[in-house]
>>> print(open('start06.cif').read())   # mmCIF, C-alpha atoms and all ligand atoms
data_final
loop_
_atom_site.label_atom_id
_atom_site.label_comp_id
_atom_site.auth_asym_id
_atom_site.auth_seq_id
_atom_site.Cartn_x
_atom_site.Cartn_y
_atom_site.Cartn_z
CA GLN A 11 82.37 215.38 6.44
CA PRO A 12 79.44 213.89 4.46
CA VAL A 13 78.68 215.50 1.08
CA VAL A 14 75.17 215.73 -0.36
CA GLY A 15 74.98 216.01 -4.14
CA ILE A 16 72.05 218.08 -5.36
CA LEU A 17 70.74 217.83 -8.94
CA GLY A 18 69.51 221.29 -9.90
CA GLY A 19 70.77 224.60 -8.53
CA GLY A 20 67.69 226.72 -7.88
CA GLN A 21 66.49 228.29 -4.63
CA LEU A 22 65.50 224.86 -3.25
CA ALA A 23 69.11 223.67 -3.59
CA ARG A 24 70.29 226.92 -2.00
CA MET A 25 67.99 226.42 1.01
CA LEU A 26 69.02 222.72 1.26
CA ALA A 27 72.70 223.71 1.32
CA LEU A 28 72.05 226.39 3.94
CA ALA A 29 70.27 223.81 6.14
CA ALA A 30 72.98 221.18 5.61
CA ALA A 31 75.88 223.36 6.78
CA PRO A 32 75.12 223.42 10.56
CA LEU A 33 74.79 219.61 10.49
CA GLY A 34 78.39 219.45 9.31
CA VAL A 35 77.21 218.38 5.86
CA LYS A 36 78.72 219.81 2.67
CA SER A 37 76.77 220.26 -0.55
CA LEU A 38 77.80 219.92 -4.19
CA VAL A 39 75.33 221.16 -6.79
CA VAL A 40 74.93 220.28 -10.49
CA ASP A 41 73.28 222.75 -12.82
CA SER A 42 73.59 223.54 -16.52
CA SER A 43 73.91 227.26 -15.75
CA ALA A 44 77.07 228.79 -14.25
CA ASP A 45 75.01 231.44 -12.42
CA ALA A 46 72.56 229.02 -10.79
CA CYS A 47 71.18 230.48 -7.56
CA ALA A 48 72.59 227.73 -5.30
CA GLY A 49 76.09 228.56 -6.56
CA GLN A 50 76.00 231.53 -4.15
CA VAL A 51 76.30 229.18 -1.16
CA ALA A 52 77.71 225.86 -2.45
CA PRO A 53 80.23 224.68 -5.03
CA LEU A 54 78.68 224.16 -8.44
CA VAL A 55 79.41 221.62 -11.16
CA VAL A 56 78.28 223.08 -14.49
CA ALA A 57 76.94 220.21 -16.60
CA ASP A 58 73.75 219.14 -18.32
CA TRP A 59 71.87 215.90 -17.57
CA THR A 60 73.56 213.87 -20.30
CA ASP A 61 77.13 214.99 -19.58
CA TYR A 62 78.07 211.59 -18.11
CA GLU A 63 81.76 212.44 -17.78
CA ALA A 64 81.00 215.37 -15.50
CA LEU A 65 78.32 213.37 -13.66
CA GLU A 66 80.83 210.55 -13.09
CA ARG A 67 83.25 212.99 -11.40
CA PHE A 68 80.33 214.49 -9.42
CA ALA A 69 79.21 211.04 -8.21
CA ALA A 70 82.73 210.25 -7.02
CA ARG A 71 82.74 213.35 -4.79
CA VAL A 72 79.39 212.84 -2.99
CA ASP A 73 77.97 210.36 -0.44
CA VAL A 74 74.35 210.66 -1.53
CA VAL A 75 72.45 212.35 -4.38
CA THR A 76 69.12 214.18 -4.17
CA PHE A 77 67.04 216.61 -6.22
CA ASP A 78 66.19 220.30 -6.34
CA PHE A 79 64.67 219.78 -9.79
CA GLU A 80 61.93 217.17 -10.22
CA ASN A 81 62.36 216.83 -13.99
CA VAL A 82 65.87 215.38 -14.03
CA PRO A 83 65.59 212.69 -16.77
CA ALA A 84 64.83 209.23 -15.38
CA GLU A 85 67.81 207.78 -17.29
CA THR A 86 70.19 210.18 -15.53
CA ALA A 87 68.75 209.27 -12.12
CA HIS A 88 68.99 205.52 -12.87
CA TRP A 89 72.57 205.89 -14.15
CA LEU A 90 73.62 207.78 -11.01
CA ALA A 91 71.85 205.24 -8.76
CA GLN A 92 74.26 202.55 -10.01
CA LYS A 93 77.19 204.57 -8.66
CA VAL A 94 75.87 206.24 -5.50
CA SER A 95 72.75 206.24 -3.29
CA VAL A 96 70.00 208.38 -4.83
CA PHE A 97 67.06 209.57 -2.67
CA PRO A 98 64.21 209.67 -3.47
CA ALA A 99 64.78 206.55 -5.58
CA PRO A 100 64.46 206.95 -9.36
CA ARG A 101 61.23 204.90 -9.38
CA ALA A 102 59.51 207.37 -7.03
CA LEU A 103 60.80 210.26 -9.12
CA ALA A 104 59.44 208.63 -12.30
CA VAL A 105 55.92 208.26 -10.84
CA ALA A 106 55.85 211.88 -9.68
CA GLN A 107 57.07 213.09 -13.11
CA ASP A 108 53.98 211.72 -14.88
CA ARG A 109 50.55 213.10 -13.97
CA LEU A 110 48.90 209.88 -15.22
CA ALA A 111 51.08 207.53 -13.11
CA GLU A 112 50.73 209.90 -10.14
CA LYS A 113 46.92 210.06 -10.25
CA THR A 114 46.70 206.28 -10.80
CA LEU A 115 48.82 205.79 -7.66
CA PHE A 116 46.60 208.21 -5.70
CA HIS A 117 43.60 206.00 -6.51
CA GLU A 118 45.53 202.90 -5.37
CA CYS A 119 46.16 204.70 -2.08
CA GLY A 120 42.46 205.48 -1.62
CA LEU A 121 42.81 209.17 -2.53
CA PRO A 122 40.20 210.30 -5.07
CA THR A 123 41.23 212.83 -7.77
CA PRO A 124 39.41 215.10 -10.19
CA ALA A 125 38.06 212.96 -13.09
CA PHE A 126 40.86 212.55 -15.65
CA LYS A 127 41.66 210.91 -18.98
CA ALA A 128 45.01 210.50 -20.78
CA ILE A 129 45.02 211.92 -24.29
CA ASP A 130 47.27 211.41 -27.29
CA THR A 131 45.22 212.71 -30.23
CA ARG A 132 42.76 215.47 -31.10
CA ALA A 133 39.96 212.87 -31.42
CA GLU A 134 40.71 211.60 -27.91
CA LEU A 135 40.39 215.16 -26.59
CA ASP A 136 36.82 215.30 -27.95
CA GLN A 137 36.04 211.89 -26.44
CA ALA A 138 37.47 212.92 -23.07
CA LEU A 139 35.57 216.23 -23.10
CA ALA A 140 32.35 214.33 -23.84
CA MET A 141 33.05 212.20 -20.73
CA ILE A 142 34.39 214.81 -18.36
CA GLY A 143 32.56 217.91 -19.61
CA ALA A 144 33.58 221.56 -19.22
CA PRO A 145 35.09 223.36 -17.43
CA ALA A 146 38.22 221.24 -17.59
CA ILE A 147 42.00 221.66 -17.69
CA LEU A 148 44.25 220.18 -20.36
CA LYS A 149 47.77 219.58 -19.00
CA THR A 150 50.99 218.05 -20.28
CA ARG A 151 51.62 214.79 -18.41
CA ARG A 152 55.29 215.68 -17.99
CA LEU A 153 57.52 218.72 -17.39
CA GLY A 154 54.83 221.23 -16.33
CA TYR A 155 55.46 223.50 -13.33
CA ASP A 156 54.15 226.84 -12.01
CA GLY A 157 51.03 226.36 -14.15
CA LYS A 158 53.06 226.07 -17.38
CA GLY A 159 51.91 223.43 -19.86
CA GLN A 160 48.24 223.92 -18.95
CA PHE A 161 45.20 225.23 -20.79
CA ARG A 162 41.88 225.99 -19.10
CA ILE A 163 38.88 224.86 -21.15
CA LYS A 164 35.89 226.97 -20.09
CA THR A 165 33.41 225.65 -22.65
CA LEU A 166 33.47 222.84 -25.22
CA ALA A 167 34.15 225.49 -27.89
CA ASP A 168 37.67 225.96 -26.40
CA ALA A 169 38.80 222.49 -27.55
CA ASP A 170 40.46 223.83 -30.72
CA ALA A 171 42.33 226.54 -28.82
CA ALA A 172 43.45 223.99 -26.20
CA TRP A 173 44.77 221.68 -28.91
CA ALA A 174 46.51 224.58 -30.68
CA ALA A 175 48.25 225.44 -27.39
CA LEU A 176 49.30 221.95 -26.28
CA GLY A 177 48.62 219.46 -29.11
CA ALA A 178 52.22 219.70 -30.37
CA GLN A 179 53.40 218.32 -27.01
CA ALA A 180 51.09 215.27 -27.13
CA THR A 181 53.67 213.00 -28.76
CA ALA A 182 56.69 213.96 -26.66
CA HIS A 183 55.14 214.41 -23.21
CA GLY A 184 51.57 213.05 -23.41
CA LEU A 185 48.53 215.06 -22.30
CA ILE A 186 45.87 214.60 -19.65
CA LEU A 187 42.43 216.19 -19.38
CA GLU A 188 41.18 216.88 -15.84
CA ALA A 189 37.80 218.05 -14.60
CA PHE A 190 38.07 221.59 -13.20
CA VAL A 191 37.24 221.38 -9.48
CA PRO A 192 35.62 224.50 -7.97
CA PHE A 193 37.42 223.70 -4.73
CA ASP A 194 36.69 225.36 -1.37
CA ARG A 195 40.39 225.55 -0.61
CA GLU A 196 43.81 224.15 -1.45
CA LEU A 197 45.99 222.41 1.11
CA SER A 198 49.36 220.69 0.98
CA VAL A 199 50.89 218.03 3.17
CA ILE A 200 54.64 218.38 3.55
CA ALA A 201 55.90 214.99 4.64
CA VAL A 202 59.26 213.32 5.29
CA ARG A 203 60.25 209.67 5.44
CA GLY A 204 63.63 208.51 6.70
CA ARG A 205 65.79 205.67 5.41
CA ASP A 206 64.57 203.61 8.40
CA GLY A 207 60.90 204.27 7.52
CA ASP A 208 60.31 206.91 10.23
CA PHE A 209 57.50 209.10 8.84
CA ARG A 210 56.41 212.60 9.85
CA THR A 211 54.28 215.43 8.48
CA TRP A 212 54.24 219.12 9.23
CA PRO A 213 50.81 220.62 10.00
CA LEU A 214 48.70 221.09 6.85
CA THR A 215 49.40 224.26 4.88
CA GLN A 216 46.73 226.28 3.05
CA ASN A 217 47.79 227.72 -0.31
CA TRP A 218 46.62 230.41 -2.74
CA HIS A 219 47.76 230.52 -6.37
CA THR A 220 47.78 233.44 -8.80
CA ASP A 221 47.89 232.53 -12.51
CA GLY A 222 48.90 228.97 -11.57
CA VAL A 223 51.83 230.11 -9.36
CA LEU A 224 51.82 229.82 -5.57
CA SER A 225 51.47 233.31 -4.09
CA LEU A 226 50.66 232.74 -0.41
CA SER A 227 50.80 229.94 2.16
CA LEU A 228 49.29 229.90 5.66
CA ALA A 229 50.33 227.29 8.22
CA PRO A 230 48.99 225.54 10.14
CA ALA A 231 45.89 225.87 7.94
CA PRO A 232 42.85 226.93 10.01
CA ASP A 233 40.08 224.39 10.77
CA ILE A 234 41.95 221.23 9.85
CA ALA A 235 40.99 219.12 12.88
CA SER A 236 38.84 216.83 10.72
CA LEU A 237 41.35 216.67 7.81
CA GLN A 238 44.84 216.40 9.32
CA ALA A 239 44.74 212.72 10.31
CA ARG A 240 43.28 211.66 6.97
CA ALA A 241 45.79 213.74 4.96
CA THR A 242 48.70 212.38 7.02
CA GLY A 243 47.46 208.81 6.55
CA LEU A 244 47.22 209.26 2.78
CA ALA A 245 50.70 210.77 2.59
CA ARG A 246 52.07 207.88 4.65
CA THR A 247 50.43 205.25 2.41
CA LEU A 248 51.83 207.01 -0.65
CA ALA A 249 55.33 207.21 0.85
CA GLU A 250 55.32 203.56 1.86
CA LYS A 251 54.10 202.36 -1.55
CA LEU A 252 56.95 204.30 -3.19
CA GLU A 253 59.48 203.37 -0.48
CA TYR A 254 60.09 207.08 -0.50
CA VAL A 255 63.08 208.65 1.29
CA GLY A 256 63.20 212.40 1.86
CA VAL A 257 60.68 215.25 1.86
CA PHE A 258 57.74 215.42 -0.55
CA ALA A 259 54.60 217.49 -0.92
CA LEU A 260 51.11 216.21 -1.60
CA GLU A 261 48.86 218.93 -3.09
CA LEU A 262 45.18 218.55 -2.20
CA PHE A 263 41.90 220.23 -3.06
CA VAL A 264 39.17 220.39 -0.41
CA LYS A 265 35.64 220.20 -1.82
CA ASP A 266 32.63 219.78 0.49
CA GLY A 267 34.86 218.40 3.24
CA GLN A 268 36.35 215.78 0.88
CA LEU A 269 40.05 215.59 -0.08
CA LEU A 270 41.03 215.25 -3.74
CA GLY A 271 44.61 214.63 -4.90
CA ASN A 272 46.07 217.16 -7.36
CA GLU A 273 49.74 216.21 -7.64
CA MET A 274 52.81 215.31 -5.62
CA ALA A 275 56.23 216.98 -5.74
CA PRO A 276 59.14 214.58 -5.07
CA ARG A 277 61.23 217.18 -3.29
CA VAL A 278 61.11 220.02 -0.80
CA HIS A 279 58.26 222.33 -1.78
CA ASN A 280 57.47 226.02 -1.98
CA SER A 281 54.46 225.59 0.34
CA GLY A 282 56.88 224.30 3.00
CA HIS A 283 59.17 227.35 3.05
CA TRP A 284 57.40 228.59 6.19
CA THR A 285 58.99 225.69 8.10
CA ILE A 286 62.39 227.46 8.04
CA GLU A 287 61.31 229.91 10.73
CA GLY A 288 57.86 228.54 11.66
CA ALA A 289 58.60 224.92 12.64
CA LEU A 290 60.94 223.20 15.08
CA THR A 291 62.73 221.54 12.16
CA SER A 292 62.55 222.88 8.59
CA GLN A 293 61.68 220.78 5.55
CA PHE A 294 65.21 221.45 4.26
CA GLU A 295 66.97 220.20 7.39
CA ASN A 296 64.75 217.11 7.60
CA HIS A 297 65.36 216.31 3.94
CA VAL A 298 69.12 216.40 4.49
CA ARG A 299 68.72 214.27 7.63
CA ALA A 300 66.49 211.77 5.78
CA VAL A 301 68.74 211.22 2.76
CA LEU A 302 71.80 210.78 5.01
CA GLY A 303 70.01 208.31 7.31
CA LEU A 304 70.14 210.64 10.33
CA PRO A 305 67.30 210.82 12.91
CA LEU A 306 64.45 213.14 11.81
CA GLY A 307 63.65 216.32 13.71
CA ASP A 308 60.37 217.44 15.28
CA THR A 309 57.95 218.83 12.67
CA SER A 310 55.68 220.79 15.04
CA ALA A 311 54.82 224.40 14.21
CA ARG A 312 56.07 227.07 16.61
CA GLY A 313 52.97 229.20 16.10
CA LEU A 314 51.33 230.49 12.91
CA SER A 315 53.17 231.51 9.74
CA ALA A 316 52.27 233.21 6.48
CA MET A 317 54.62 233.00 3.50
CA PHE A 318 54.48 235.43 0.56
CA ASN A 319 56.16 234.54 -2.72
CA TRP A 320 57.86 237.33 -4.64
CA ILE A 321 57.18 236.68 -8.32
CA GLY A 322 58.93 238.56 -11.12
CA GLU A 323 60.65 241.12 -8.90
CA LEU A 324 61.32 241.84 -5.24
CA PRO A 325 59.45 244.53 -3.32
CA ASP A 326 61.29 246.86 -0.95
CA ALA A 327 62.77 244.70 1.81
CA ALA A 328 62.69 247.37 4.53
CA PRO A 329 59.13 246.85 5.86
CA VAL A 330 59.80 243.14 6.31
CA LEU A 331 63.24 243.70 7.83
CA GLU A 332 61.73 246.19 10.29
CA ALA A 333 58.81 243.98 11.34
CA VAL A 334 58.90 241.61 14.31
CA ASP A 335 59.43 237.91 13.50
CA ALA A 336 59.34 238.58 9.75
CA HIS A 337 61.95 236.92 7.56
CA TRP A 338 63.31 237.99 4.19
CA HIS A 339 64.62 235.62 1.50
CA ASP A 340 66.22 237.09 -1.64
CA TYR A 341 67.25 234.29 -4.01
CA GLY A 342 69.70 236.57 -5.83
CA LYS A 343 68.03 235.82 -9.18
CA GLU A 344 67.62 238.17 -12.14
CA PRO A 345 64.09 239.62 -12.18
CA ARG A 346 61.93 238.07 -14.91
CA THR A 347 58.16 237.88 -15.42
CA GLY A 348 56.65 234.89 -13.62
CA ARG A 349 59.96 233.90 -11.99
CA LYS A 350 60.14 233.13 -8.25
CA VAL A 351 62.79 235.59 -6.99
CA GLY A 352 62.25 235.46 -3.22
CA HIS A 353 59.80 235.07 -0.38
CA ALA A 354 59.02 236.44 3.05
CA THR A 355 57.64 234.60 6.06
CA VAL A 356 55.80 236.32 8.88
CA CYS A 357 55.44 234.35 12.11
CA ALA A 358 53.28 234.94 15.19
CA ALA A 359 52.13 233.19 18.34
CA ASN A 360 48.43 233.21 17.46
CA ALA A 361 45.93 234.20 14.78
CA GLN A 362 45.19 237.66 16.13
CA GLN A 363 48.88 238.55 16.31
CA LEU A 364 49.46 237.25 12.80
CA VAL A 365 46.56 239.30 11.42
CA GLU A 366 48.04 242.43 13.01
CA ARG A 367 51.52 241.74 11.68
CA LEU A 368 50.23 240.95 8.19
CA ALA A 369 48.11 244.08 8.11
CA GLY A 370 51.15 246.21 8.95
CA ILE A 371 53.37 244.62 6.33
CA ALA A 372 50.77 244.33 3.58
CA HIS A 373 50.06 248.05 3.85
CA ALA A 374 53.74 248.98 3.70
CA LEU A 375 54.29 246.74 0.69
CA HIS A 376 51.05 247.75 -1.06
CA ARG A 377 50.23 244.06 -1.07
CA ASP A 378 46.86 244.22 0.65
CA GLN A 379 45.34 242.01 -2.03
CA GLN A 380 47.82 239.25 -1.24
CA ALA A 381 47.44 239.47 2.49
CA ASP A 382 43.66 239.51 2.25
CA PRO A 383 42.91 235.81 1.80
CA ALA A 384 45.01 234.81 4.81
CA VAL A 385 43.53 237.55 6.93
CA ARG A 386 40.00 236.53 5.87
CA GLU A 387 40.79 232.89 6.60
CA LEU A 388 42.08 233.76 10.07
CA GLY A 389 38.85 235.65 10.74
P1 LIG A 401 53.41 223.39 -9.34
O1 LIG A 401 54.18 224.65 -9.50
O2 LIG A 401 52.64 223.29 -8.04
O3 LIG A 401 54.20 222.14 -9.64
P2 LIG A 401 51.94 222.71 -11.75
O4 LIG A 401 52.33 223.52 -12.92
O5 LIG A 401 52.44 221.32 -11.65
O6 LIG A 401 52.25 223.51 -10.42
P3 LIG A 401 49.18 222.17 -10.88
O7 LIG A 401 49.53 222.02 -9.46
O8 LIG A 401 48.58 220.99 -11.58
O9 LIG A 401 50.37 222.72 -11.78
O10 LIG A 401 48.18 223.40 -11.07
C1 LIG A 401 48.50 224.69 -10.58
C2 LIG A 401 47.28 225.25 -9.86
O11 LIG A 401 46.17 225.34 -10.80
C3 LIG A 401 46.76 224.36 -8.74
O12 LIG A 401 47.47 224.57 -7.54
C4 LIG A 401 45.31 224.84 -8.68
O13 LIG A 401 45.20 226.10 -8.04
C5 LIG A 401 44.96 225.00 -10.14
N1 LIG A 401 44.44 223.74 -10.67
C6 LIG A 401 45.15 222.74 -11.23
N2 LIG A 401 44.37 221.69 -11.57
C7 LIG A 401 43.10 222.03 -11.23
C8 LIG A 401 41.82 221.38 -11.32
N3 LIG A 401 41.68 220.17 -11.87
N4 LIG A 401 40.74 222.05 -10.85
C9 LIG A 401 40.87 223.30 -10.31
N5 LIG A 401 42.04 223.96 -10.20
C10 LIG A 401 43.14 223.34 -10.64
MG MG A 402 53.67 220.39 -10.31
MG MG A 403 51.03 222.08 -8.17
#
>>> encode(input="start06.cif", output="structure tokens")
Amino acid sequence: QPVVGILGGGQLARMLALAAAPLGVKSLVVDSSADACAGQVAPLVVADWTDYEALERFAARVDVVTFDFENVPAETAHWLAQKVSVFPAPRALAVAQDRLAEKTLFHECGLPTPAFKAIDTRAELDQALAMIGAPAILKTRRLGYDGKGQFRIKTLADADAAWAALGAQATAHGLILEAFVPFDRELSVIAVRGRDGDFRTWPLTQNWHTDGVLSLSLAPAPDIASLQARATGLARTLAEKLEYVGVFALELFVKDGQLLGNEMAPRVHNSGHWTIEGALTSQFENHVRAVLGLPLGDTSARGLSAMFNWIGELPDAAPVLEAVDAHWHDYGKEPRTGRKVGHATVCAANAQQLVERLAGIAHALHRDQQADPAVRELG
């Protein structure tokens, strides 16, 4: 029985392990915490990223290594890659870990981005603001997620506050200033590339964020006829340049019909959770297939899906459990402000049916404000 080693034991690892099991594939997870979420469904090695003795024993027990956590140190990934196959390869991981390298690659692939400038000092922040103007967003180049490590600069007078918030991280992680894009909407491409180069994308997903954290995804995104082929082509170019193996997400802004690249995630992605129930093959199953060199599954959508993230704490499950074609995911994590603790996906055959199902559930959960954007988008 093949064994997939997963670095990081969050909900992504849990969903990977759950998708691996029916394929006859076992999972072994590494996490520094003994109560990591994936430990509920797969054996867990408790070790940190520099515990090379434990990682040596882990490597000996697995056939291939992959990631739940995109910020595994590059040295750890390289070290493991000398002992066992690691997918995506450490080089692809390294590019995706650095917002500067990532945006530079987007340009090489013909994907424009918001204007940006790397920054190391306070003086460079002033220079970059003079170039880019306000509003802008100051971000750490490395280690940011869920909107952490970001400061929104509304006017030039916010420069001091931005530096006070993030300046201390300039030396260790580097900073980048980006123009704030008043985008029309946000989309993501979830894509998969196999070891043999076979490449597929799921239909584009539309996403809404609250305080920098994904709150709602709708897939397939409405009115994407003119964007799907271009987005798929860009994702394919990116994957081929990186010789990428596995699932990744490309986050895009749409402004006046143009696509701009925000970032890529070198792993299965929150905006692809709808594929578990809403697509013929889920992102998790296809990732397992890809890293093991198995044939990839069909990525078509079954109908329409909306996915709600539960942030901080879970609402009452009953309305979702009672609804037709609605699916509940409780990650079994301790409630904590800003933490992703679960999600629910509601599926339907067409837009009208989805609007009806969302309306019913949103009311029961007192979540009308979350359901609204999807309902508006579906007309
Ligand atoms: P993730 O959890 O997706 O990894 P992250 O912390 O890496 O998030 P980003 O994706 O860079 O952060 O930003 C989070 C959200 O903030 C984006 O999805 C978008 O809604 C908004 N945002 C980020 N950069 C910009 C920008 N330049 N202009 C407008 N909005 C932006
Ligand atoms: Mg990110
Ligand atoms: Mg993002």
>>> axis_aligned_box(input="start06.cif", around="segment 50-67 of chain A", padding_each_side="8 Å", output="lines of an AutoDock Vina configuration file")
center_x = 77.6
center_y = 221.0
center_z = -10.7
size_x = 27.4
size_y = 37.0
size_z = 35.1
>>> residues_near_ligand(input="start06.cif", ligand="ligand MG 403 (chain A)", cutoff="12 Å", atoms="only C-alpha atoms and all ligand atoms", output="JSON, numbers by chain")
{"A": [106, 107, 109, 149, 153, 154, 155, 156, 157, 158, 159, 160, 196, 197, 198, 217, 218, 219, 220, 221, 222, 223, 224, 225, 259, 260, 261, 262, 263, 271, 272, 273, 274, 275, 276, 279, 280, 281]}
>>> closest_residue(input="start06.cif", among="A:Ala241, A:Ala189, A:Ile200, A:Ala172", to="ligand LIG 401 (chain A)", atoms="only C-alpha atoms and all ligand atoms")
A:Ala189
>>> residues_around(input="start06.cif", residues="Gln293 of chain A", least_positions_apart="6", cutoff="12 Å", atoms="only C-alpha atoms", output="PDB file with C-alpha atoms, keeping the file's coordinate frame")
ATOM      1  CA  LEU A  22      65.500 224.860  -3.250  1.00  0.00           C
ATOM      2  CA  MET A  25      67.990 226.420   1.010  1.00  0.00           C
ATOM      3  CA  LEU A  26      69.020 222.720   1.260  1.00  0.00           C
ATOM      4  CA  LEU A  28      72.050 226.390   3.940  1.00  0.00           C
ATOM      5  CA  ALA A  29      70.270 223.810   6.140  1.00  0.00           C
ATOM      6  CA  ALA A  30      72.980 221.180   5.610  1.00  0.00           C
ATOM      7  CA  VAL A 199      50.890 218.030   3.170  1.00  0.00           C
ATOM      8  CA  ILE A 200      54.640 218.380   3.550  1.00  0.00           C
ATOM      9  CA  ALA A 201      55.900 214.990   4.640  1.00  0.00           C
ATOM     10  CA  VAL A 202      59.260 213.320   5.290  1.00  0.00           C
ATOM     11  CA  ARG A 203      60.250 209.670   5.440  1.00  0.00           C
ATOM     12  CA  ARG A 210      56.410 212.600   9.850  1.00  0.00           C
ATOM     13  CA  THR A 211      54.280 215.430   8.480  1.00  0.00           C
ATOM     14  CA  TRP A 212      54.240 219.120   9.230  1.00  0.00           C
ATOM     15  CA  PRO A 213      50.810 220.620  10.000  1.00  0.00           C
ATOM     16  CA  GLY A 256      63.200 212.400   1.860  1.00  0.00           C
ATOM     17  CA  VAL A 257      60.680 215.250   1.860  1.00  0.00           C
ATOM     18  CA  PHE A 258      57.740 215.420  -0.550  1.00  0.00           C
ATOM     19  CA  ALA A 259      54.600 217.490  -0.920  1.00  0.00           C
ATOM     20  CA  ARG A 277      61.230 217.180  -3.290  1.00  0.00           C
ATOM     21  CA  VAL A 278      61.110 220.020  -0.800  1.00  0.00           C
ATOM     22  CA  HIS A 279      58.260 222.330  -1.780  1.00  0.00           C
ATOM     23  CA  ASN A 280      57.470 226.020  -1.980  1.00  0.00           C
ATOM     24  CA  SER A 281      54.460 225.590   0.340  1.00  0.00           C
ATOM     25  CA  GLY A 282      56.880 224.300   3.000  1.00  0.00           C
ATOM     26  CA  HIS A 283      59.170 227.350   3.050  1.00  0.00           C
ATOM     27  CA  TRP A 284      57.400 228.590   6.190  1.00  0.00           C
ATOM     28  CA  THR A 285      58.990 225.690   8.100  1.00  0.00           C
ATOM     29  CA  ILE A 286      62.390 227.460   8.040  1.00  0.00           C
ATOM     30  CA  GLU A 287      61.310 229.910  10.730  1.00  0.00           C
ATOM     31  CA  ARG A 299      68.720 214.270   7.630  1.00  0.00           C
ATOM     32  CA  ALA A 300      66.490 211.770   5.780  1.00  0.00           C
ATOM     33  CA  LEU A 306      64.450 213.140  11.810  1.00  0.00           C
ATOM     34  CA  GLY A 307      63.650 216.320  13.710  1.00  0.00           C
ATOM     35  CA  ASP A 308      60.370 217.440  15.280  1.00  0.00           C
ATOM     36  CA  THR A 309      57.950 218.830  12.670  1.00  0.00           C
ATOM     37  CA  SER A 310      55.680 220.790  15.040  1.00  0.00           C
ATOM     38  CA  ALA A 311      54.820 224.400  14.210  1.00  0.00           C
TER      39      ALA A 311
END
>>> residues_around(input="start06.cif", residues="Gln50 of chain A", least_positions_apart="2", cutoff="12 Å", atoms="all atoms listed in the file", output="ChimeraX atom specification")
/A:19-21,23-25,27-28,37-39,44-48,52-54,340-343
>>> residues_around(input="start06.cif", residues="Thr86 of chain A", least_positions_apart="5", cutoff="10 Å", atoms="only C-alpha atoms", output="PyMOL selection string")
chain A and resi 59-62+65+91+100
>>> atom_distance(input="start06.cif", atom1="atom CA of Glu66 of chain A", atom2="atom CA of Ser42 of chain A")
15.3 Å
>>> residues_around(input="start06.cif", residues="Asn319 of chain A", least_positions_apart="3", cutoff="9 Å", atoms="only C-alpha atoms", output="PyMOL selection string")
chain A and resi 224-227+280+350-355
>>> atom_distance(input="start06.cif", atom1="atom CA of Arg386 of chain A", atom2="atom CA of Val365 of chain A")
9.0 Å
>>> closest_residue(input="start06.cif", among="A:Asp194, A:Asp335, A:Asp168, A:Glu85", to="ligand LIG 401 (chain A)", atoms="all atoms listed in the file")
A:Asp194
>>> residues_near_point(input="start06.cif", point="(50.0, 235.6, 17.9)", cutoff="12 Å", atoms="only C-alpha atoms", output="PDB file with C-alpha atoms, in the frame of the given file")
ATOM      1  CA  ARG A 312      56.070 227.070  16.610  1.00  0.00           C
ATOM      2  CA  GLY A 313      52.970 229.200  16.100  1.00  0.00           C
ATOM      3  CA  LEU A 314      51.330 230.490  12.910  1.00  0.00           C
ATOM      4  CA  SER A 315      53.170 231.510   9.740  1.00  0.00           C
ATOM      5  CA  ALA A 316      52.270 233.210   6.480  1.00  0.00           C
ATOM      6  CA  VAL A 334      58.900 241.610  14.310  1.00  0.00           C
ATOM      7  CA  ASP A 335      59.430 237.910  13.500  1.00  0.00           C
ATOM      8  CA  VAL A 356      55.800 236.320   8.880  1.00  0.00           C
ATOM      9  CA  CYS A 357      55.440 234.350  12.110  1.00  0.00           C
ATOM     10  CA  ALA A 358      53.280 234.940  15.190  1.00  0.00           C
ATOM     11  CA  ALA A 359      52.130 233.190  18.340  1.00  0.00           C
ATOM     12  CA  ASN A 360      48.430 233.210  17.460  1.00  0.00           C
ATOM     13  CA  ALA A 361      45.930 234.200  14.780  1.00  0.00           C
ATOM     14  CA  GLN A 362      45.190 237.660  16.130  1.00  0.00           C
ATOM     15  CA  GLN A 363      48.880 238.550  16.310  1.00  0.00           C
ATOM     16  CA  LEU A 364      49.460 237.250  12.800  1.00  0.00           C
ATOM     17  CA  VAL A 365      46.560 239.300  11.420  1.00  0.00           C
ATOM     18  CA  GLU A 366      48.040 242.430  13.010  1.00  0.00           C
ATOM     19  CA  ARG A 367      51.520 241.740  11.680  1.00  0.00           C
ATOM     20  CA  LEU A 368      50.230 240.950   8.190  1.00  0.00           C
ATOM     21  CA  LEU A 388      42.080 233.760  10.070  1.00  0.00           C
TER      22      LEU A 388
END
>>> closest_residue(input="start06.cif", among="A:Arg240, A:Arg132, A:Arg151, A:His117", to="ligand MG 402 (chain A)", atoms="only C-alpha atoms and all ligand atoms")
A:Arg151
>>> residues_around(input="start06.cif", residues="Val40 of chain A", least_positions_apart="3", cutoff="7 Å", atoms="only C-alpha atoms", output="list of chain:residue names")
A:Ile16, A:Leu17, A:Gly18, A:Gly19, A:Leu54, A:Val55, A:Val56, A:Ala57
>>> atom_distance(input="start06.cif", atom1="atom CA of Ala180 of chain A", atom2="atom O6 of ligand LIG 401 (chain A)")
18.7 Å
>>> closest_residue(input="start06.cif", among="A:Gly303, A:His373, A:Leu228, A:Arg152", to="ligand MG 402 (chain A)", atoms="only C-alpha atoms and all ligand atoms")
A:Arg152
